[in-house]
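The structure appears below as structure tokens.
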Amino acid sequence: MSPRVILVTGSNTGIGYELVHLLAAQGHTVYLASRKEASGTEAVAKIKKEKNLTVEFVQLDVTDPKSIDAAVAKISKDEGRLNVLVNNAGVAEMATNQSASNPSIPALRSTLETNLIGLMQTTAAFLPLLRSSNSHSSSTPSVIVNVSSDMASNGFMASPNGFLHDAIAYNTSKAASNAYTIALARELQEEGIKVNAVTPGFTTTQINGFMPGGKTPEKGAEMMVKWCLLDKDGATGKFMNDSGEWPW
């Protein structure tokens, strides 16, 4: 497998952090991205100290177009390519009192700004670099992975097994980002660029207030690795969990 250049947004903690070192351990050039430079450089140093792996850092706030443009410019200048974009940055607002009948509009705006609009504008900004790095003749196509959630599935949430219905801001934003994933996958299919949504399942992380009972962040990240490293015959337009396809 040829070494790839990979960007993981929102990766100074949690699943994103674990995914960065798992990919770097396979010999890829991985960019760890965070809103705050201090948090990002600290995470890079931690990976070096604990895993003896070298990863790169780029400051990236997915809600700030200037920050996004600067990140594109840095990776373009330093690498000349980007093979994989992992849209992992997200907020949940789960601690906010909310329900479908009494939504918190500030919480909804916050989640949509990061989880949907931020994801879309980050993807659009990096798409020219992903396109120029993509080749139909290559066995390593460009790949976009959108980190989703079990609760983004309308099919699952409408079933008797659905849960956390009061996390209306988070669930709505993630369902909306799934709709974008479908549209983008269809648009880029003829170019051979792979676009998929993946859900790690219930994982205990900062985003859910370290809710007990979930899998570890590293376990959550492990299932994502193969979706970052798809070959030309890999699937596109799918919503996947660690057991297989998850309903949209």
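Following the order of the structure tokens, first chain is A, next is B, and so on, with residues numbered from 1 inside each chain and ligands from 1 in the order they appear.
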
Using only C-alpha atoms, I'd like a table of the residues in segment 71-95 of chain A that come within 10 Å of segment 58-64 of chain A; for each, show the closest atom pair and its distance in Å rounded to one decimal, ordered by chain and ascending number, as JSON lines.
```
{"residue": "A:Ala71", "atom": "CA", "partner": "A:Leu60", "partner_atom": "CA", "distance": 6.2}
{"residue": "A:Val72", "atom": "CA", "partner": "A:Leu60", "partner_atom": "CA", "distance": 9.4}
{"residue": "A:Lys74", "atom": "CA", "partner": "A:Val58", "partner_atom": "CA", "distance": 7.7}
{"residue": "A:Ile75", "atom": "CA", "partner": "A:Val58", "partner_atom": "CA", "distance": 8.2}
{"residue": "A:Asn87", "atom": "CA", "partner": "A:Val62", "partner_atom": "CA", "distance": 9.4}
{"residue": "A:Ala89", "atom": "CA", "partner": "A:Val62", "partner_atom": "CA", "distance": 7.5}
{"residue": "A:Gly90", "atom": "CA", "partner": "A:Val62", "partner_atom": "CA", "distance": 9.2}
```

Can you write out the residues you just picked, keeping all heavy atoms, as a PDB file, in the first residue's frame?
```
ATOM      1  N   ALA A  71      -5.283  26.096   6.328  1.00  0.00           N
ATOM      2  CA  ALA A  71      -4.948  24.674   6.423  1.00  0.00           C
ATOM      3  C   ALA A  71      -4.758  24.063   5.035  1.00  0.00           C
ATOM      4  O   ALA A  71      -3.832  23.267   4.815  1.00  0.00           O
ATOM      5  CB  ALA A  71      -6.029  23.928   7.194  1.00  0.00           C
ATOM      6  N   VAL A  72      -5.624  24.441   4.101  1.00  0.00           N
ATOM      7  CA  VAL A  72      -5.475  23.964   2.717  1.00  0.00           C
ATOM      8  C   VAL A  72      -4.129  24.410   2.159  1.00  0.00           C
ATOM      9  O   VAL A  72      -3.390  23.628   1.542  1.00  0.00           O
ATOM     10  CB  VAL A  72      -6.623  24.483   1.825  1.00  0.00           C
ATOM     11  CG1 VAL A  72      -6.359  24.143   0.356  1.00  0.00           C
ATOM     12  CG2 VAL A  72      -7.958  23.889   2.257  1.00  0.00           C
ATOM     13  N   LYS A  74      -1.388  25.227   3.755  1.00  0.00           N
ATOM     14  CA  LYS A  74      -0.254  24.561   4.417  1.00  0.00           C
ATOM     15  C   LYS A  74      -0.044  23.156   3.872  1.00  0.00           C
ATOM     16  O   LYS A  74       1.093  22.769   3.540  1.00  0.00           O
ATOM     17  CB  LYS A  74      -0.490  24.502   5.935  1.00  0.00           C
ATOM     18  CG  LYS A  74       0.600  23.725   6.679  1.00  0.00           C
ATOM     19  CD  LYS A  74       0.402  23.746   8.177  1.00  0.00           C
ATOM     20  CE  LYS A  74       1.391  22.829   8.889  1.00  0.00           C
ATOM     21  NZ  LYS A  74       2.804  23.144   8.583  1.00  0.00           N
ATOM     22  N   ILE A  75      -1.103  22.373   3.786  1.00  0.00           N
ATOM     23  CA  ILE A  75      -0.960  20.993   3.318  1.00  0.00           C
ATOM     24  C   ILE A  75      -0.581  20.971   1.840  1.00  0.00           C
ATOM     25  O   ILE A  75       0.235  20.141   1.408  1.00  0.00           O
ATOM     26  CB  ILE A  75      -2.242  20.191   3.605  1.00  0.00           C
ATOM     27  CG1 ILE A  75      -2.427  20.064   5.125  1.00  0.00           C
ATOM     28  CG2 ILE A  75      -2.179  18.807   2.959  1.00  0.00           C
ATOM     29  CD1 ILE A  75      -3.716  19.397   5.546  1.00  0.00           C
ATOM     30  N   ASN A  87     -13.561  13.827   8.198  1.00  0.00           N
ATOM     31  CA  ASN A  87     -14.326  14.885   8.862  1.00  0.00           C
ATOM     32  C   ASN A  87     -14.808  14.369  10.207  1.00  0.00           C
ATOM     33  O   ASN A  87     -15.884  13.783  10.331  1.00  0.00           O
ATOM     34  CB  ASN A  87     -15.505  15.315   7.984  1.00  0.00           C
ATOM     35  CG  ASN A  87     -15.070  16.155   6.804  1.00  0.00           C
ATOM     36  OD1 ASN A  87     -14.369  17.148   6.965  1.00  0.00           O
ATOM     37  ND2 ASN A  87     -15.480  15.762   5.610  1.00  0.00           N
ATOM     38  N   ALA A  89     -14.343  16.420  13.278  1.00  0.00           N
ATOM     39  CA  ALA A  89     -14.662  17.512  14.206  1.00  0.00           C
ATOM     40  C   ALA A  89     -16.169  17.572  14.454  1.00  0.00           C
ATOM     41  O   ALA A  89     -16.966  17.472  13.520  1.00  0.00           O
ATOM     42  CB  ALA A  89     -14.164  18.842  13.654  1.00  0.00           C
ATOM     43  N   GLY A  90     -16.539  17.734  15.723  1.00  0.00           N
ATOM     44  CA  GLY A  90     -17.969  17.796  16.030  1.00  0.00           C
ATOM     45  C   GLY A  90     -18.231  18.299  17.434  1.00  0.00           C
ATOM     46  O   GLY A  90     -17.355  18.255  18.301  1.00  0.00           O
TER      47      GLY A  90
END
```

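The strand (DSSP E) portion of segment 6-178 of chain A consists of Ile6, Leu7, Val8, Thr29, Val30, Tyr31, Leu32, Ala33, Ser34, Glu56, Phe57, Val58, Gln59, Val84, Leu85, Val86, Asn87, Val143, Ile144, Val145, Asn146 and Val147 of chain A, with states taken from DSSP on the backbone.
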
Output as a Markdown table one row per residue of segment 111-192 of chain A within 10 Å of segment 7-12 of chain A: the closest atom pair and its distance in Å to one decimal place, counting only C-alpha atoms, sorted by chain and residue number ascending.
```
| residue | atom | partner | partner_atom | distance |
| --- | --- | --- | --- | --- |
| A:Leu119 | CA | A:Thr9 | CA | 9.3 |
| A:Thr122 | CA | A:Thr9 | CA | 9.2 |
| A:Phe126 | CA | A:Leu7 | CA | 10.0 |
| A:Ile144 | CA | A:Leu7 | CA | 9.8 |
| A:Val145 | CA | A:Val8 | CA | 9.3 |
```

Report as CSV the residues of segment 17-73 of chain A within 12 Å of segment 222-235 of chain A, each with its shortest atom pair and distance in Å (one decimal), using only C-alpha atoms, ordered by chain and increasing residue number.
```
residue,atom,partner,partner_atom,distance
A:Tyr17,CA,A:Glu222,CA,11.5
A:Glu18,CA,A:Glu222,CA,8.2
A:Leu19,CA,A:Glu222,CA,7.0
A:Val20,CA,A:Val225,CA,9.5
A:His21,CA,A:Val225,CA,10.5
A:Leu22,CA,A:Val225,CA,7.5
A:Leu23,CA,A:Val225,CA,6.8
A:Ala24,CA,A:Val225,CA,10.6
A:Ala25,CA,A:Val225,CA,11.1
A:Gln26,CA,A:Val225,CA,10.0
A:Gly27,CA,A:Leu229,CA,11.9
A:His28,CA,A:Leu229,CA,10.1
A:Val30,CA,A:Cys228,CA,11.4
```

Could you please take those selected residues and save N, CA and C atoms as a JSON list (two decimals), in the first residue's frame?
```
[["chain", "number", "residue", "atom", "x", "y", "z"],
["A", 17, "TYR", "N", -8.11, 11.48, 17.80],
["A", 17, "TYR", "CA", -6.73, 11.32, 18.28],
["A", 17, "TYR", "C", -6.25, 9.88, 18.09],
["A", 18, "GLU", "N", -7.10, 8.93, 18.46],
["A", 18, "GLU", "CA", -6.73, 7.53, 18.33],
["A", 18, "GLU", "C", -6.58, 7.14, 16.87],
["A", 19, "LEU", "N", -7.44, 7.67, 16.02],
["A", 19, "LEU", "CA", -7.35, 7.35, 14.59],
["A", 19, "LEU", "C", -6.05, 7.87, 14.00],
["A", 20, "VAL", "N", -5.62, 9.05, 14.42],
["A", 20, "VAL", "CA", -4.37, 9.62, 13.91],
["A", 20, "VAL", "C", -3.20, 8.67, 14.14],
["A", 21, "HIS", "N", -3.04, 8.19, 15.37],
["A", 21, "HIS", "CA", -1.86, 7.34, 15.61],
["A", 21, "HIS", "C", -2.02, 5.95, 15.00],
["A", 22, "LEU", "N", -3.24, 5.46, 14.88],
["A", 22, "LEU", "CA", -3.43, 4.16, 14.23],
["A", 22, "LEU", "C", -3.04, 4.23, 12.75],
["A", 23, "LEU", "N", -3.36, 5.33, 12.09],
["A", 23, "LEU", "CA", -3.00, 5.50, 10.69],
["A", 23, "LEU", "C", -1.51, 5.78, 10.53],
["A", 24, "ALA", "N", -0.96, 6.58, 11.43],
["A", 24, "ALA", "CA", 0.47, 6.88, 11.37],
["A", 24, "ALA", "C", 1.30, 5.62, 11.57],
["A", 25, "ALA", "N", 0.82, 4.70, 12.40],
["A", 25, "ALA", "CA", 1.53, 3.46, 12.66],
["A", 25, "ALA", "C", 1.65, 2.58, 11.41],
["A", 26, "GLN", "N", 0.79, 2.85, 10.42],
["A", 26, "GLN", "CA", 0.85, 2.09, 9.17],
["A", 26, "GLN", "C", 1.71, 2.78, 8.12],
["A", 27, "GLY", "N", 2.40, 3.85, 8.52],
["A", 27, "GLY", "CA", 3.35, 4.49, 7.62],
["A", 27, "GLY", "C", 2.83, 5.65, 6.82],
["A", 28, "HIS", "N", 1.64, 6.13, 7.14],
["A", 28, "HIS", "CA", 1.06, 7.25, 6.41],
["A", 28, "HIS", "C", 1.45, 8.58, 7.04],
["A", 30, "VAL", "N", 0.16, 11.73, 8.52],
["A", 30, "VAL", "CA", -1.14, 12.07, 9.09],
["A", 30, "VAL", "C", -1.07, 13.45, 9.74]]
```

Take atom CA of Pro141 of chain A and atom CA of Ser177 of chain A and report the distance between them in Å, one decimal. 22.3 Å

Counting only C-alpha atoms, what are the residues of segment 75-175 of chain A within 10 Å of segment 198-219 of chain A, and for each of them which pair of atoms is the nearest and at what distance in Å, to one decimal? Sort the table by chain and rising number, as a tab-separated table.
```
residue	atom	partner	partner_atom	distance
A:Gly90	CA	A:Ile207	CA	7.9
A:Val91	CA	A:Ile207	CA	6.4
A:Ala92	CA	A:Ile207	CA	5.9
A:Glu93	CA	A:Ile207	CA	8.1
A:Met94	CA	A:Asn208	CA	6.5
A:Ala95	CA	A:Gly209	CA	7.9
A:Val145	CA	A:Val198	CA	7.0
A:Asn146	CA	A:Val198	CA	6.3
A:Val147	CA	A:Val198	CA	5.2
A:Ser148	CA	A:Thr199	CA	4.8
A:Ser149	CA	A:Thr199	CA	4.7
A:Asp150	CA	A:Gly201	CA	6.0
A:Met151	CA	A:Thr199	CA	9.2
A:Ala152	CA	A:Thr199	CA	8.9
A:Ser153	CA	A:Thr199	CA	9.9
```

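Atom CA of Ser142 of chain A is positioned 9.6 Å from atom CA of Leu127 of chain A.
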
Using only C-alpha atoms, determine which residues lie at most 7 Å from Gln98 of chain A, disregarding the query and same-chain residues fewer than 4 positions distant; provide the list as a compact mmCIF listing (two decimals) with N, CA, C and O atoms, in the first residue's frame.
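The result, stored in out_28.txt:
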```
# COMPACT_ATOMS: atom_id res chain seq x y z
N ASN A 102 -39.41 21.31 22.70
CA ASN A 102 -38.81 22.50 23.30
C ASN A 102 -37.31 22.54 22.95
O ASN A 102 -36.45 22.40 23.82
N PRO A 103 -37.00 22.76 21.68
CA PRO A 103 -35.59 22.72 21.27
C PRO A 103 -34.82 23.93 21.77
O PRO A 103 -35.39 25.01 21.96
N SER A 104 -33.55 23.74 21.98
CA SER A 104 -32.65 24.86 22.26
C SER A 104 -32.11 25.36 20.93
O SER A 104 -31.29 24.69 20.30
N ASP A 166 -33.88 13.00 22.99
CA ASP A 166 -33.84 14.39 23.46
C ASP A 166 -32.55 15.11 23.06
O ASP A 166 -32.43 16.32 23.26
N ALA A 167 -31.60 14.39 22.47
CA ALA A 167 -30.38 15.04 21.96
C ALA A 167 -30.68 15.60 20.57
O ALA A 167 -30.00 15.30 19.58
N ILE A 168 -31.71 16.43 20.52
CA ILE A 168 -32.29 16.83 19.24
C ILE A 168 -31.31 17.63 18.38
O ILE A 168 -31.27 17.48 17.15
```

Using only C-alpha atoms, the residue out of A:Arg81, A:Arg109, A:Lys66, A:Lys49 with shortest distance to Ser132 of chain A is A:Arg81

Can you pull out every residue from segment 12-244 of chain A that DSSP, working from the backbone, puts in alpha helix (DSSP H), and format the result as a VMD selection string? chain A and resid 14 to 24 37 to 51 65 to 79 105 to 111 119 to 133 154 to 157 168 to 188 217 to 228
